[in-house]
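**Student:** The structure's right below; bear with me while I get my questions together.
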Number of protein chains: 2
Amino acid sequence: MDSDAKRRVTAADVAKRAGVSRSAVSRAVTEGAYLAPAKRALIEAAAQELGYRPNAMAAGLQGRRSNLIAIFVGEMANEYDKEVAAKLISGLNEAGKWPIVIGGSGDAARDAVNNVLRYPLEAMILRSGSLSTDISEACGKLGIPVIASGRVMDAAGVDNVCCRNQEAMAKGTELLIQRGRTRFGYISGPAGFGASAERKSGVIETLDMSGLALHADATGAFTVQSGYDAVMSLPNCAALDALICANDAMAIGALGALRERGRTVPEDISVIGFDDISMAKWPSIQLTTLRNPINGLVSSILDLLDRRQSNPAKATEMIWLDAEVILRATH
Amino acid sequence: MDSDAKRRVTAADVAKRAGVSRSAVSRAVTEGAYLAPAKRALIEAAAQELGYRPNAMAAGLQGRRSNLIAIFVGEMANEYDKEVAAKLISGLNEAGKWPIVIGGSGDAARDAVNNVLRYPLEAMILRSGSLSTDISEACGKLGIPVIASGRVMDAAGVDNVCCRNQEAMAKGTELLIQRGRTRFGYISGPAGFGASAERKSGVIETLDMSGLALHADATGAFTVQSGYDAVMSLPNCAALDALICANDAMAIGALGALRERGRTVPEDISVIGFDDISMAKWPSIQLTTLRNPINGLVSSILDLLDRRQSNPAKATEMIWLDAEVILRATH
DNA sequence: TTGAAAGCGATACCAC
DNA sequence: GTGGTATCGCTTTCAA
């Protein structure tokens with residue numbers, strides 16, 4: 001018969017049950033601790049029977065690793081961000097780290113971050129988002145290491161992992177030039193995102209080197225709809241034979257709009273995107289794109305975390321990731 | 001001059017700085033506690049200056065709410081799951097709950113769950129996944145409330161929120177019958193998922209009531225590729241004038257395959273999906289579908305959580321959600 | 001209104 | 001090897 005309020009089983013309960021001291025119980029659950037095998041078995045049986053689990057909060061108070069990592073993911077509005085978040089969560093789990101995930105934006109997100117910072121976090125992983133600067137500042141004061149990606153943060157104590165956006169776009173542009181394209185359009189991401197400017201200049205500089213220039217230039221919001229809208233409102237759409245988009249979502253929107261405007265891809269006009277989100281390889285899409293490597297991103301973040309843990313005082317690092325050209329059916 | 005190892009600021013530090021007792025500091029950060037306004041201001045200033053944040057672990061040890069909620073999301077392989085996870089995380093954040101997210105499957109996920117259960121969780125939110133039963137059992141032993149969705153779990157202490165799959169599919173089937181379709185194909189989800197069986201029987205029973213039957217029947221894996229493959233290997237594809245898919249991803253794959261096989265949608269053949277993932281409304285897709293309401297799901301989970309917290313002993317509940325027919329361009 | 005002191009549950013150092 | 005005991009940082013009686 002249970003009592004009404006179910007109390008959590010503690011080490012003391014197990015100790016009493018097994019007829020040993022609390023210390024022995026603690027040693028039984030610790031990896032390399034002195035304990036007679038027979039006694040250990042006895043304790044383990046009692047623990048099993050009672051359903052004992054050491055309370056991570058009490059253990060955390062002892063100055064041990066909390067294994068808690070915060071991830072700030074912003075709005076998670078676009079597909080790439082969601083894929084990154086999913087992979088990052090699995091990656092951390094496999095490394096034995098437990099991610100507390102914070103989403104959203106604005107004041108709600110700010111409050112959330114402030115509250116989560118009450119936990120003894122081992123690190124804060126920042127993925128874009130407008131609050132990045134504030135958050136990293138707060139973490140700095142608390143001595144919590146920050147790992148940023150998506151936008152480079154040039155602050156003390158912040159490690160970065162970042163895609164070579166400009167070089168990647170240069171590769172993509174080069175591909176289309178070699179295919180014989182000469183009249184390029186570009187759909188840019190929103191201003192204010194570091195990646196937007198880098199990607200665009202990768203295109204422009206590469207065109208320039210071949211004596212070419214942009215014939216059309218629109219700005220989207222990194223969404224499918226915005227890519228569609230951008231192309232639908234392009235005045236000289238019919239004159240273009242190549243369209244480069246700052247991300248896959250906009251490229252996918254653009255693809256729909258181009259078909260509606262009577263252009264055929266890739267015979268008539270080439271389209272490439274950026275990211276290689278999972279939809280890019282869907283049979284009905286088959287988008288040629290530049291892969292913004294998610295696995296590389298996640299493993300870099302994990303490496304950075306590891307190195308930071310083993311040497312908290314080390315200098316901050318910046319890891320650069322190269323994008324790969326993925327040839328499908330739209331170039 | 002900082003000392004080398006940066007120690008976290010504690011209430012004692014603030015107390016010394018403000019010239020008061022530790023108790024006073026604790027009261028200053030507690031909402032409705034006796035404290036002279038002047039003293040409170042003094043303490044708040046000192047806390048601000050030192051960058052003090054109460055340590056949630058130490059506070060959690062006091063038997064207060066931990067605000068920690070675990071979410072088990074399984075593989076997050078398909079789009080719907082990712083969208084649900086994203087919305088759920090934001091929803092919990094807004095409610096002042098901090099989600100520890102566990103992904104993956106197999107032994108790694110099992111270990112992860114076992115470790116996360118060391119934290120004093122307020123609840124475990126389960127989203128499909130093969131480990132559901134094991135996890136809910138472990139939570140039951142620890143007295144941690146479980147909220148399941150995606151698959152109905154008929155276990156003690158488990159609240160459920162669930163879509164009326166069968167009724168939803170009946171509505172979708174009805175739509176196509178009224179449009180004059182008579183030769184139906186169906187692409188089912190993998191066996192073993194409760195939703196697969198329910199959705200399929202919704203189709204079959206509705207057809208039956210109109211004296212119709214399934215002309216083709218394939219099984220996919222809830223992925224785009226599997227929907228594509230299923231249609232490509234359908235022997236009597238040309239004879240069909242309607243195709244119902246157990247989810248949107250497979251419907252999108254099917255759409256691509258149908259076009260490749262020379263069928264035109266929706267003139268020639270109608271296609272509908274299930275879920276209404278965000279890609280369903282993309283300009284190039286425009287899938288007619290049954291909306292598996294994410295917002296309703298998230299708010300139901302939050303409600304359930306709230307009620308469970310305010311009355312831990314209450315009977316378990318089951319909340320049913322209705323799907324809505326979303327008319328786009330493929331029916 | 002305030003300070004002193006007793007826990008919360010686990011770990012680690014100490015003698016034995 | 002093992003059992004006592006101080007300790008982590010906070011909240012919360014209990015006196016004053």
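By convention in this document, the chains of the structure tokens carry letters A, B, ... by their order, each chain's residues are numbered from 1, and ligands are numbered from 1 in the order they are shown.
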Please, which residues of chain A lie no more than 8 Å from chain D when the count uses only C-alpha atoms (C1' of nucleotides), and can they be set out as a VMD selection string?

**Tutor:** chain A and resid 21 23 to 24 34 to 36 61 to 63

**Student:** What residues in chain C have any atom no more than 7 Å from chain B when counting only C-alpha atoms (C1' of nucleotides), and can you write them as a VMD selection string?

**Tutor:** chain C and resid 1 3 8

**Student:** Distance limit 8 Å, atoms considered: only C-alpha atoms. Which chain B residues sit that close to chain A? Return them as a PyMOL selection string.

**Tutor:** chain B and resi 6+8+51+53-58+60-61+76+82-83+86+89-90+93-94+96+98-104+108-109+112+116-120+141-143+224-225+228+252-253+255-257+282-284

**Student:** Please provide the set of residues having any atom within 12 Å of Lys314 in chain A, restricted to only C-alpha atoms (C1' of nucleotides), with same-chain residues fewer than 2 positions apart removed, written as a PyMOL selection string.

**Tutor:** chain A and resi 145+156-159+304-312+316-317
